[in-house]
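Undergrad: Structure incoming, see below.
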Amino acid sequence: MSTIDTWVGRHHERAASLPGAALPWLLRRRADAIARFAELGWPTTRLEPWRHTSLSFLEQHELQAPESAPHPAATLAAVRSEFGDGGHWLVFVDGRFERTLSVLGGLPAGVVCTPLSEALSKHAEAVEAAFGTADEAASPYALNLALCTDGAFVRLARGTALGAPLHLVFIGATGAADTHLRNLIVAEANTEASIIEHHLGGGSTLGTTVTLVHTAQDARITHLKLQQQDATAIHLAQIKAEQARGSYFASHSLSFGARLARNDIHTRFDGEGCETLLNGLYHVDGRRHVDHHTLIEHASPLGISREYYRGLVDDNARGVFSGRIIVAQDAQRTDAVQRCDNLLLSRMAEADARPELEIYADDVKCAHGATVGQMDEDALFYLRTRGIDEIRARQLLTYAFAAEVLDRIALASLRSSARATLLARLPGGALLEELL
Amino acid sequence: MNAQTSTLDPKLDPAPAPASSDDAIGAFLQQEYTAGFETVMESDSLPKGLSEDVIRQISARKGEPEFLLEWRLESYRRWLTMTPPKWAAVQFPPIDFQDIVYYSAPKSKKDGPKSLDEVDPELLRTFEKLGVPLHERARLAGVAVDAVFDSVSVATTFKKELGEHGIIFCSFSEAVKTHPELVRKYLGTVVPPADNFYSALNSAVFSDGSFVFIPKGVKCPMELSTYFRINARDTGQFERTLIIAEEGASVSYLEGCTAPMRDENQLHAAVVELIALDDAKIKYSTVQNWYPGDKDGVGGIYNFVTKRGDCRGARSHISWTQVETGSAITWKYPSVILRGDDSVGDFYSVALTNHRQQADTGTKMIHMGRNTRSTILSKGISAGRGSNTFRGLVKVTPRAEGARNYTQCDSLLVGDRCAAHTFPTIEVRHPSAHVEHEATTSRIGEDQLFYAMQRGISAEDAVSMIVNGFCREVFKELPMEFAVEAQKLLGVSLEGSVG
């Protein structure tokens with residue numbers, strides 16, 4: 001069972017063994033967080049932000065560590081073969097840092113990349129400042145704070161850049177029925193980095209992940225998340241960025257796995273001239289459910305935001321997108337574009353979209369659009385006149401629809417790896433690869 | 001009861017009679033709100049408050065059949081268990097539902113008016129100021145008017161001509177007496193009493209409204225129109241409108257609303273139900289100009305309305321057109337249930353908020369039949385400190401093969417203290433559906449303003465012109481005389497928003 005009381009009980013059981021148990025500030029925040037979780041409970045459809053995704057079933061849900069799973073080293077090897085051996089790799093298995101699998105390589109001076117469990121002692125003050133609180137968090141993320149065991153702590157000192165991407169690999173193996181990870185990314189002024197989260201395995205466990213990003217003036221952070229968990233896993237994740245003047249934050253979310261995946265992506269412009277790109281692709285089949293819930297807060301003038309999501313929904317699956325853009329009264333000369341397009345691939349598939357604009361300033365340019373539909377019959381016909389059979393033509397168009405999202409990934413090596421991952425997941429992908 | 005000596009229906013009961021003529025019209029016509037006057041006449045009201053007794057009294061005064069009283073009481077009991085909705089993007093202090101007069105009717109004498117000359121001149125003057133073409137002018141304008149003065153209809157014209165076609169167009173209370181079987185068959189079938197808090201309240205206490213029945217195959221020869229007025233102080237108005245178009249019938253219905261100027265907020269919770277059977281077409285147009293409150297947001301009408309159409313038959317068509325310029329708070333979502341195969345639903349809306357007005361409006365299109373189509377076109381204009389929200393739902397159910405929806409909602413911002421929000425929801429459960437949503441938000445372009453002004457047009461006129469252009473696609477859906485009125489209203493409502 002996974003009732004509220006069970007979780008409160010687990011918090012008491014584990015509190016002493018969680019990292020940072022000796023830090024008074026952390027103990028206090030964890031206590032506040034579990035209290036908030038106990039008060040709110042699992043979100044139900046009665047809450048507006050969870051209208052299309054209820055977690056109330058978790059009350060009755062039995063969580064179990066997988067009985068068997070591929071060895072984490074094998075899982076990791078597969079990912080590394082796709083993304084190349086370069087870059088820096090921090091690997092976490094069942095919510096704990098795995099030193100033997102991690103490869104950090106030579107980090108530039110001024111760049112800190114370390115598991116959170118270690119950062120709590122080595123960089124206590126910086127961690128405290130970046131750790132966040134559960135004050136306004138939705139209940140799953142409050143639970144994350146209360147129970148988080150590890151994650152990555154990344155700090156880029158002023159003017160530094162991470163030449164090669166940093167990979168954070170989270171593998172669910174046989175060791176835990178629930179995992180809670182918290183990543184903190186602190187980018188000081190004029191820094192640049194690409195960070196990739198891989199979520200793999202997981203059996204029928206519950207995993208919560210919170211990634212907090214602080215970008216100082218003119219920092220440029222690209223975050224890519226590749227979620228390919230087992231089709232029985234429950235994946236609840238929050239990505240939250242706070243942007244200072246002139247900074248750039250991109251979030252690419254590719255969601256392919258998990259029985260239920262929810263991504264809450266939130267960025268706030270605290271200074272003038274910030275820019276953000278929220279880009280996402282999801283593919284769900286079977287009876288699975290994926291939900292992207294985004295919020296862009298234009299709190300300062302001259303901000304630019306671009307948001308593009310695309311979904312492929314097959315079988316009895318359900319794809320949900322809900323995006324909100326808030327333009328505050330002082331955020332004049334804001335330029336915001338939001339789009340969400342869905343392709344329904346089966347009779348029983350369902351797609352829900354809620355593109356929302358909330359505008360309090362007058363000198364703004366905001367546009368949003370959403371579509372739900374099936375394949376363009378004209379395009380299909382065109383391909384068939386060129387001698388491509390219908391099945392192949394459909395596969396080709398499906399791929400083309402999805403690949404547009406990948407084209408927005410700036411880093412070429414990441415783009416091609418992401419494309420390979422997509423092809424491997426799509427029906428007929430191997431044949432398509434020959435065609436392309 | 002009386003001989004048919006005029007276009008006024010003499011059977012109307014209770015009919016208004018000449019009242020004391022010593023009072024002049026409270027004539028503080030103000031520029032911003034030209035309909036802000038109050039007609040002083042005796043009225044027959046129940047005391048403030050709501051209870052089962054009040055409902056029994058309303059029902060008794062209207063001489064209603066037993067089934068309707070039961071229906072009201074059942075609705076009231078459901079209402080008691082409900083709480084006011086909080087999700088809308090509007091802010092107002094809680095309403096004291098015991099501080100409202102639920103029934104108010106002009107005093108009647110047994111011998112009702114035999115002709116228009118006998119109708120209370122005060123009353124006629126009120127309508128005249130609003131420009132309702134009540135008597136001969138009505139014939140010229142080709143409009144049949146069922147005028148609602150507070151809670152009781154006082155005049156119905158053209159009934160004879162409509163009667164020749166078999167069309168029933170009368171006040172709701174009259175329909176209850178003359179056609180109880182129709183009322184019983186259709187009432188509450190589109191908006192069930194427990195649909196929401198305000199519809200439950202309306203079902204319990206509704207006082208009057210319009211009833212339209214277009215029989216099989218009949219095309220209504222003229223546009224039907226109702227003018228609602230809120231008059232007596234502290235009275236909430238709870239109209240109930242029911243329009244039924246049988247197989248192959250069609251009708252265009254106009255609703256206009258104005259209310260006199262007041263300091264206290266008044267509640268208006270109407271329910272409108274439209275039913276279109278096979279091949280029927282109903283076009284429902286509204287120009288809503290209730291008192292919006294003054295510049296600082298004091299006073300004004302709370303307009304919490306449930307409007308819903310049911311395309312019950314195949315190839316039926318329901319079209320909502322609304323121009324919302326009034327009310328302190330508007331909370332209104334005219335919707336269409338596309339149940340019949342090949343049925344069509346339209347929603348065209350202009351909502352303007354100025355000063356401290358708040359509007360949370362939009363529509364729901366529920367696609368249930370095959371090859372159903374819907375169009376949503378919404379234009380929101382926010383000026384001053386106004387707040388304007390579009391909230392919509394397009395739902396395609398698993399059976400709705402070939403459903404098609406196109407939604408466009410644009411917002412125009414005038415001034416830097418206003419707000420414009422767009423909250424659409426799309427839920428699609430059939431792969432053959434095509435659902436598109438487009439929205440833009442922008443302000444009036446400096447270039448456009450400059451161009452107009454360097455041609456010698458004042459800033460205010462230029463804004464009014466640009467706004468009218470922005471709304472053109474919606475205005476062209478309105479019947480002609482309404483379109484003219486709507487354009488004027490926009491100009492008046494925007495006064496004081498530039499500079």
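As shown in the structure tokens, the chain order sets the letters A, B, ...; within each chain, residues go from 1, and ligands are also counted from 1 in the order they appear.
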Need the shell around range 201-208 of chain A: protein/DNA/RNA residues with any atom at most 7 Å away, counting only C-alpha atoms. Skip same-chain ones fewer than 3 positions apart. Format as a ChimeraX atom specification?

TA: /A:63-66,144,171-173,177-181,229-230,232-237

Undergrad: Restricted to N, CA and C atoms, what would the selected residues look like written as a PDB file, in the first residue's frame?

TA:
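Dumped to result33.pdb:
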ATOM      1  N   LEU A  63       3.755  -0.940  -4.322  1.00  0.00           N
ATOM      2  CA  LEU A  63       5.039  -0.659  -4.957  1.00  0.00           C
ATOM      3  C   LEU A  63       5.992  -1.804  -4.668  1.00  0.00           C
ATOM      4  N   GLN A  64       6.716  -2.190  -5.701  1.00  0.00           N
ATOM      5  CA  GLN A  64       7.611  -3.327  -5.514  1.00  0.00           C
ATOM      6  C   GLN A  64       8.921  -3.099  -6.228  1.00  0.00           C
ATOM      7  N   ALA A  65       9.977  -3.472  -5.576  1.00  0.00           N
ATOM      8  CA  ALA A  65      11.261  -3.438  -6.269  1.00  0.00           C
ATOM      9  C   ALA A  65      11.233  -4.546  -7.310  1.00  0.00           C
ATOM     10  N   PRO A  66      11.767  -4.300  -8.504  1.00  0.00           N
ATOM     11  CA  PRO A  66      11.743  -5.334  -9.537  1.00  0.00           C
ATOM     12  C   PRO A  66      12.477  -6.587  -9.054  1.00  0.00           C
ATOM     13  N   ASN A 144       9.303  14.292  -2.570  1.00  0.00           N
ATOM     14  CA  ASN A 144      10.672  14.177  -3.064  1.00  0.00           C
ATOM     15  C   ASN A 144      11.643  14.836  -2.101  1.00  0.00           C
ATOM     16  N   ILE A 171      19.283   4.775 -13.040  1.00  0.00           N
ATOM     17  CA  ILE A 171      18.862   3.423 -13.414  1.00  0.00           C
ATOM     18  C   ILE A 171      18.107   2.800 -12.241  1.00  0.00           C
ATOM     19  N   GLY A 172      16.930   2.284 -12.537  1.00  0.00           N
ATOM     20  CA  GLY A 172      16.201   1.543 -11.518  1.00  0.00           C
ATOM     21  C   GLY A 172      16.523   0.070 -11.683  1.00  0.00           C
ATOM     22  N   ALA A 173      17.120  -0.533 -10.663  1.00  0.00           N
ATOM     23  CA  ALA A 173      17.440  -1.964 -10.729  1.00  0.00           C
ATOM     24  C   ALA A 173      16.590  -2.687  -9.692  1.00  0.00           C
ATOM     25  N   ALA A 177      11.936   0.072  -4.060  1.00  0.00           N
ATOM     26  CA  ALA A 177      10.585   0.170  -4.611  1.00  0.00           C
ATOM     27  C   ALA A 177      10.226   1.611  -4.918  1.00  0.00           C
ATOM     28  N   ASP A 178      10.962   2.529  -4.345  1.00  0.00           N
ATOM     29  CA  ASP A 178      10.723   3.933  -4.658  1.00  0.00           C
ATOM     30  C   ASP A 178      12.032   4.691  -4.611  1.00  0.00           C
ATOM     31  N   THR A 179      12.215   5.624  -5.533  1.00  0.00           N
ATOM     32  CA  THR A 179      13.444   6.415  -5.550  1.00  0.00           C
ATOM     33  C   THR A 179      13.078   7.892  -5.623  1.00  0.00           C
ATOM     34  N   HIS A 180      13.902   8.687  -4.973  1.00  0.00           N
ATOM     35  CA  HIS A 180      13.647  10.130  -4.934  1.00  0.00           C
ATOM     36  C   HIS A 180      14.959  10.861  -5.140  1.00  0.00           C
ATOM     37  N   LEU A 181      15.053  11.556  -6.280  1.00  0.00           N
ATOM     38  CA  LEU A 181      16.325  12.180  -6.633  1.00  0.00           C
ATOM     39  C   LEU A 181      16.149  13.673  -6.802  1.00  0.00           C
ATOM     40  N   GLN A 229      11.901   4.741 -19.188  1.00  0.00           N
ATOM     41  CA  GLN A 229      11.745   3.750 -18.128  1.00  0.00           C
ATOM     42  C   GLN A 229      10.885   2.571 -18.579  1.00  0.00           C
ATOM     43  N   ASP A 230      10.890   1.517 -17.745  1.00  0.00           N
ATOM     44  CA  ASP A 230      10.059   0.350 -18.048  1.00  0.00           C
ATOM     45  C   ASP A 230       8.589   0.768 -18.118  1.00  0.00           C
ATOM     46  N   THR A 232       6.066  -0.157 -16.806  1.00  0.00           N
ATOM     47  CA  THR A 232       5.237  -0.300 -15.606  1.00  0.00           C
ATOM     48  C   THR A 232       5.621   0.724 -14.538  1.00  0.00           C
ATOM     49  N   ALA A 233       6.620   1.525 -14.830  1.00  0.00           N
ATOM     50  CA  ALA A 233       7.115   2.461 -13.810  1.00  0.00           C
ATOM     51  C   ALA A 233       6.238   3.706 -13.718  1.00  0.00           C
ATOM     52  N   ILE A 234       6.316   4.348 -12.568  1.00  0.00           N
ATOM     53  CA  ILE A 234       5.624   5.629 -12.399  1.00  0.00           C
ATOM     54  C   ILE A 234       6.692   6.700 -12.208  1.00  0.00           C
ATOM     55  N   HIS A 235       6.645   7.688 -13.078  1.00  0.00           N
ATOM     56  CA  HIS A 235       7.712   8.677 -13.132  1.00  0.00           C
ATOM     57  C   HIS A 235       7.107  10.070 -12.904  1.00  0.00           C
ATOM     58  N   LEU A 236       7.474  10.711 -11.815  1.00  0.00           N
ATOM     59  CA  LEU A 236       6.952  12.047 -11.524  1.00  0.00           C
ATOM     60  C   LEU A 236       8.135  12.995 -11.416  1.00  0.00           C
ATOM     61  N   ALA A 237       8.169  14.010 -12.265  1.00  0.00           N
ATOM     62  CA  ALA A 237       9.368  14.829 -12.298  1.00  0.00           C
ATOM     63  C   ALA A 237       9.052  16.306 -12.406  1.00  0.00           C
TER      64      ALA A 237
END

Undergrad: Chain B residues within 9 Å of chain A, counting only C-alpha atoms: which ones, as a ChimeraX atom specification?

TA: /B:87,387,389,395,398,408,410,412-444

Undergrad: In Å to one decimal, how far is CA of His252 in chain A from CA of His223 in chain A?

TA: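 Between CA of His223 in chain A and CA of His252 in chain A the gap works out to 6.2 Å.
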
Undergrad: Have a look at B:Gly217, B:Pro180, B:Gly386, B:Gly345 and name the one nearest to Asn371 in chain B; count only C-alpha atoms.

TA: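 Using only C-alpha atoms, the shortest distance to Asn371 in chain B belongs to B:Gly345.
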
Undergrad: Counting only C-alpha atoms, figure out which residue out of A:Pro108, A:Ser194, A:Leu58, A:Ala331 gets nearest to Leu411 in chain A.

TA: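 Comparing A:Pro108, A:Ser194, A:Leu58, A:Ala331 against Leu411 in chain A, the winner is A:Ser194.
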
Undergrad: Out of A:Leu281, A:Ala231, A:Ala418, A:Leu168, which residue has the shortest atom-to-atom distance to Leu260 in chain A when counting only C-alpha atoms?

TA: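 Selected residue with least distance to Leu260 in chain A: A:Ala231.
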
Undergrad: Among range 25-225 of chain A, which residues does DSSP mark as alpha helix (DSSP H) when it is run on the backbone? Keep the chain and numbering as in the structure and answer as a ChimeraX atom specification.

TA: /A:25-40,72-83,116-122,124-130,139-147

Undergrad: Can you tell me which residues surround Arg29 in chain A at a distance of at most 12 Å, considering only C-alpha atoms, apart from same-chain residues fewer than 4 positions away, and format the answer as a list of chain:residue names?

TA: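 In the requested form, the answer reads A:Ala15, A:Gly20, A:Ala21, A:Leu23, A:Pro24, A:Trp25, A:Ala33, A:Ile34, A:Ala35, A:Arg36, A:Glu128, A:Phe131, A:Gly132, A:Thr133, A:Ala134, A:Asp135, A:Ala142, A:Leu143, A:Asn144, A:Leu145, A:Ala146, A:Leu147, A:Cys148.
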
Undergrad: Skipping near chain neighbours, those fewer than 4 positions away, what residues fall within 10 Å of Gln228 in chain A using only C-alpha atoms, listed as a list in words?

TA: His198, His199, Leu200, Gly201, Gly202, Ala233, Leu254, Ser255, Phe256, Gly257, Ala258, Thr421 and Arg425 of chain A
